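Participant: mmCIF, C-alpha atoms, saved as data_5.cif, coming up:
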```cif
data_input
loop_
_atom_site.label_atom_id
_atom_site.label_comp_id
_atom_site.auth_asym_id
_atom_site.auth_seq_id
_atom_site.Cartn_x
_atom_site.Cartn_y
_atom_site.Cartn_z
CA MET A 270 -26.52 278.89 -205.33
CA THR A 271 -24.74 277.00 -208.11
CA ASP A 272 -21.89 274.62 -207.48
CA ILE A 273 -19.35 277.12 -208.81
CA GLU A 274 -20.81 279.88 -206.61
CA SER A 275 -20.63 277.70 -203.49
CA ARG A 276 -17.06 276.67 -204.32
CA LEU A 277 -16.06 280.30 -204.85
CA ALA A 278 -17.75 281.34 -201.57
CA ARG A 279 -15.83 278.59 -199.73
CA LEU A 280 -12.51 279.80 -201.20
CA GLU A 281 -13.35 283.40 -200.30
CA ASP A 282 -14.15 282.34 -196.73
CA ILE A 283 -10.85 280.46 -196.44
CA GLU A 284 -8.94 283.48 -197.74
CA GLU A 285 -10.72 285.80 -195.30
CA ILE A 286 -9.78 283.47 -192.43
CA LYS A 287 -6.15 283.41 -193.59
CA GLN A 288 -6.16 287.22 -193.60
CA LEU A 289 -7.73 287.22 -190.13
CA LYS A 290 -4.89 285.02 -188.83
CA ALA A 291 -2.30 287.23 -190.55
CA LYS A 292 -3.80 290.31 -188.86
CA TYR A 293 -3.65 288.54 -185.50
CA CYS A 294 0.05 287.76 -186.05
CA ARG A 295 0.79 291.30 -187.18
CA TYR A 296 -0.90 292.81 -184.11
CA CYS A 297 1.15 290.46 -181.93
CA ASP A 298 4.43 291.19 -183.71
CA GLU A 299 3.89 294.95 -183.59
CA GLY A 300 3.84 295.17 -179.80
CA TYR A 301 0.81 293.03 -178.93
CA ASP A 302 -1.77 295.72 -179.74
CA PRO A 303 -4.53 294.87 -177.21
CA ASP A 304 -7.31 296.72 -179.04
CA GLY A 305 -6.32 295.30 -182.40
CA ILE A 306 -6.14 291.74 -181.09
CA ALA A 307 -9.45 292.02 -179.23
CA SER A 308 -11.14 293.37 -182.39
CA LEU A 309 -10.48 290.05 -184.14
CA PHE A 310 -12.54 288.05 -181.61
CA THR A 311 -16.25 287.58 -181.08
CA GLU A 312 -17.61 289.38 -178.00
CA ASP A 313 -17.56 286.11 -176.06
CA GLY A 314 -14.32 284.90 -177.68
CA ILE A 315 -11.72 282.88 -175.81
CA TRP A 316 -7.94 283.21 -176.07
CA ASP A 317 -6.49 280.07 -174.48
CA GLY A 318 -2.73 279.89 -174.04
CA GLY A 319 -3.04 277.19 -171.38
CA ARG A 320 -0.78 277.13 -168.33
CA THR A 321 2.08 278.52 -170.42
CA PHE A 322 0.41 281.83 -171.36
CA GLY A 323 -2.94 281.97 -169.53
CA VAL A 324 -6.58 282.16 -170.60
CA ALA A 325 -8.78 285.17 -171.36
CA LYS A 326 -12.53 284.96 -171.92
CA GLY A 327 -14.42 287.81 -173.58
CA GLY A 328 -13.28 290.91 -175.40
CA ASP A 329 -12.44 292.94 -172.30
CA ALA A 330 -10.43 290.10 -170.78
CA ILE A 331 -8.54 289.52 -174.05
CA ARG A 332 -7.75 293.24 -174.26
CA LYS A 333 -6.56 293.26 -170.64
CA HIS A 334 -4.49 290.10 -171.19
CA PHE A 335 -2.53 291.76 -173.98
CA GLN A 336 -1.96 295.06 -172.17
CA GLY A 337 1.69 294.93 -171.20
CA ALA A 338 2.32 291.73 -173.19
CA ALA A 339 5.13 293.49 -175.05
CA SER A 340 7.01 293.74 -171.76
CA ARG A 341 6.65 289.97 -171.25
CA ILE A 342 7.73 289.11 -174.82
CA SER A 343 9.60 292.12 -176.15
CA ILE A 344 10.26 290.78 -179.66
CA ALA A 345 8.01 288.29 -181.41
CA ARG A 346 7.88 287.05 -184.99
CA HIS A 347 4.87 284.79 -185.43
CA GLN A 348 5.38 282.48 -188.38
CA VAL A 349 2.21 280.49 -188.96
CA MET A 350 2.08 277.83 -191.61
CA ASN A 351 0.38 274.70 -192.94
CA PRO A 352 -3.20 275.91 -192.44
CA ILE A 353 -5.98 273.38 -192.52
CA ILE A 354 -9.23 275.32 -192.65
CA GLU A 355 -12.65 273.66 -192.65
CA VAL A 356 -15.56 275.98 -193.43
CA GLY A 357 -19.24 275.51 -192.63
CA ASP A 358 -22.05 278.01 -193.17
CA ASP A 359 -21.25 280.41 -190.31
CA THR A 360 -18.55 278.50 -188.44
CA ALA A 361 -15.11 277.24 -189.33
CA THR A 362 -12.06 275.63 -187.76
CA GLY A 363 -8.40 276.27 -188.37
CA HIS A 364 -5.31 274.26 -187.53
CA TRP A 365 -2.00 276.13 -187.87
CA LEU A 366 1.60 275.44 -186.94
CA LEU A 367 3.51 278.25 -185.22
CA PHE A 368 7.25 278.74 -185.11
CA GLN A 369 8.25 281.90 -183.30
CA PRO A 370 11.64 283.32 -182.46
CA CYS A 371 11.12 285.80 -179.65
CA THR A 372 12.73 287.58 -176.72
CA ASP A 373 11.69 287.04 -173.11
CA GLY A 374 11.00 290.55 -171.86
CA THR A 375 11.92 289.71 -168.27
CA SER A 376 15.32 288.12 -168.83
CA GLY A 377 16.14 289.59 -172.25
CA GLU A 378 16.90 286.03 -173.37
CA ALA A 379 16.32 284.88 -176.95
CA VAL A 380 13.88 281.97 -177.03
CA TRP A 381 12.21 279.59 -179.48
CA LEU A 382 8.50 278.88 -179.39
CA ALA A 383 6.81 276.13 -181.40
CA ALA A 384 3.12 275.42 -181.02
CA THR A 385 -0.08 274.44 -182.74
CA TYR A 386 -3.03 276.81 -182.99
CA ASN A 387 -6.45 275.16 -182.98
CA ASP A 388 -8.91 277.91 -183.78
CA GLN A 389 -12.66 278.18 -184.10
CA TYR A 390 -14.20 280.95 -186.15
CA GLN A 391 -17.66 282.43 -186.42
CA LYS A 392 -19.14 284.63 -189.12
CA VAL A 393 -20.73 287.68 -187.48
CA ASP A 394 -22.54 290.22 -189.64
CA GLY A 395 -20.78 288.83 -192.71
CA ARG A 396 -17.29 289.01 -191.17
CA TRP A 397 -15.18 286.11 -189.91
CA LEU A 398 -13.98 286.47 -186.30
CA ILE A 399 -12.11 284.19 -183.91
CA SER A 400 -14.45 282.60 -181.39
CA HIS A 401 -11.87 280.36 -179.69
CA LEU A 402 -8.11 280.34 -180.14
CA SER A 403 -6.11 277.70 -178.31
CA ILE A 404 -2.38 277.17 -178.29
CA ASP A 405 -0.79 273.75 -177.77
CA VAL A 406 2.87 274.46 -176.94
CA ALA A 407 5.42 271.92 -178.19
CA PHE A 408 8.44 273.80 -176.83
CA PHE A 409 9.34 277.19 -175.39
CA SER A 410 13.12 276.95 -175.13
CA PRO A 411 16.16 279.13 -174.59
CA TYR A 412 17.86 279.89 -177.91
CA GLY A 413 21.29 278.87 -176.62
CA LYS A 414 20.18 275.51 -175.27
CA GLY A 415 17.46 274.64 -177.75
CA TRP A 416 14.49 272.36 -177.28
CA ALA A 417 16.57 269.17 -177.06
CA GLU A 418 18.41 270.36 -173.96
CA GLN A 419 15.64 272.41 -172.31
CA GLN A 420 12.15 271.97 -173.76
CA PHE A 421 10.50 274.68 -171.62
CA LEU A 422 11.61 277.82 -169.86
CA ASP A 423 11.44 277.52 -166.09
CA GLY A 424 7.82 277.83 -164.97
CA ARG A 425 6.47 277.85 -168.55
CA GLN A 426 5.54 274.19 -169.02
CA PRO A 427 2.16 273.54 -170.64
#
```
How would this structure read if it were set down as structure tokens?
Facilitator:
Amino acid sequence: MTDIESRLARLEDIEEIKQLKAKYCRYCDEGYDPDGIASLFTEDGIWDGGRTFGVAKGGDAIRKHFQGAASRISIARHQVMNPIIEVGDDTATGHWLLFQPCTDGTSGEAVWLAATYNDQYQKVDGRWLISHLSIDVAFFSPYGKGWAEQQFLDGRQP
């Protein structure tokens, strides 16, 4: 492979990973589609939301985790930004910032969520998939109080 071909392949991989993350956000924002979200992960993939959101290991567990998620967070608007994507041959890492206005489905309260995604990706049969997604929550705060007054909702500390 020539230098230009390898550089082009790297850029294509980065773009495919960006599209993968955008699909993940869209599935979340359109009612947390459990089948759609699970389809973006490797069979042994891990979705790790820590103590704030829980952990699911494997496609079936990820699917089950997102069943009913729309009742826990009834409105979500994932805004991911500032991607840093490092690509190897068949593996890659991604670092993304998340800012998400959302609605707590239990209380109906408007809340702010800010976090960092640290993702690992694997190329399977020529397609990039998420092998490990982890969320490092900076704040999950009531809209009216904001993160300065109340950094985390009750019981939702990381």
Participant: List the residues matched by the PyMOL selection byres ((chain A and resi 291) around 12) in the displayed structure as a list in words, ordered by chain and then by residue number.
Facilitator: Glu284, Glu285, Ile286, Lys287, Gln288, Leu289, Lys290, Lys292, Tyr293, Cys294, Arg295, Tyr296, Cys297, Asp298, Ile306, Leu309, Arg346, His347, Gln348, Val349, Met350, Pro352, Trp365 and Leu367 of chain A
Participant: Spell out the residues picked by the PyMOL selection byres ((chain A and resi 355) around 12) here, as number ranges by chain.
Facilitator: A: 279-280, 282-284, 286-287, 352-354, 356-365, 387-391
Participant: Running the PyMOL selection byres ((chain A and resi 310-322) around 8) on this model by hand, what would come out? Give it as a PyMOL selection string.
Facilitator: chain A and resi 306-309+323-328+331+391+393+398-406+424-427
Participant: Could you check how far CA of Trp416 (chain A) sits from CA of Ala345 (chain A), in Å to one decimal?
Facilitator: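 Going from CA of Trp416 (chain A) over to CA of Ala345 (chain A) covers 17.7 Å.
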Participant: What gap, in Å, lies between CA of Met270 (chain A) and CA of Gly395 (chain A)?
Facilitator: 17.1 Å
Participant: Work out how far CA of Leu382 (chain A) is from CA of Asn351 (chain A), in Å to one decimal.
Facilitator: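 Value for the CA of Asn351 (chain A)-CA of Leu382 (chain A) distance: 16.3 Å.
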Participant: Any idea what's packed within 9 Å of Ala407 (chain A), counting only C-alpha atoms, ignoring anything in its chain fewer than 3 positions away? Could you give it as a ChimeraX atom specification?
Facilitator: /A:382-385,420-421,427
Participant: Would you mind listing what lies within 12 Å of Ala379 (chain A) as a list in words, with all atoms listed in the file counted and same-chain residues fewer than 5 positions away left out?
Facilitator: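 Listing them by chain and then by number gives Ile342, Ser343, Ile344, Ala345, Arg346, Gln369, Pro370, Cys371, Thr372, Asp373, Gly374, Phe409, Ser410, Pro411, Tyr412, Gly413, Lys414, Gly415 and Leu422 of chain A.
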Participant: Any chance you can output those residues with C-alpha atoms as a PDB file, in the frame of the given file?
Facilitator:
```pdb
ATOM      1  CA  ILE A 342       7.730 289.110-174.820  1.00  0.00           C
ATOM      2  CA  SER A 343       9.600 292.120-176.150  1.00  0.00           C
ATOM      3  CA  ILE A 344      10.260 290.780-179.660  1.00  0.00           C
ATOM      4  CA  ALA A 345       8.010 288.290-181.410  1.00  0.00           C
ATOM      5  CA  ARG A 346       7.880 287.050-184.990  1.00  0.00           C
ATOM      6  CA  GLN A 369       8.250 281.900-183.300  1.00  0.00           C
ATOM      7  CA  PRO A 370      11.640 283.320-182.460  1.00  0.00           C
ATOM      8  CA  CYS A 371      11.120 285.800-179.650  1.00  0.00           C
ATOM      9  CA  THR A 372      12.730 287.580-176.720  1.00  0.00           C
ATOM     10  CA  ASP A 373      11.690 287.040-173.110  1.00  0.00           C
ATOM     11  CA  GLY A 374      11.000 290.550-171.860  1.00  0.00           C
ATOM     12  CA  PHE A 409       9.340 277.190-175.390  1.00  0.00           C
ATOM     13  CA  SER A 410      13.120 276.950-175.130  1.00  0.00           C
ATOM     14  CA  PRO A 411      16.160 279.130-174.590  1.00  0.00           C
ATOM     15  CA  TYR A 412      17.860 279.890-177.910  1.00  0.00           C
ATOM     16  CA  GLY A 413      21.290 278.870-176.620  1.00  0.00           C
ATOM     17  CA  LYS A 414      20.180 275.510-175.270  1.00  0.00           C
ATOM     18  CA  GLY A 415      17.460 274.640-177.750  1.00  0.00           C
ATOM     19  CA  LEU A 422      11.610 277.820-169.860  1.00  0.00           C
TER      20      LEU A 422
END
```
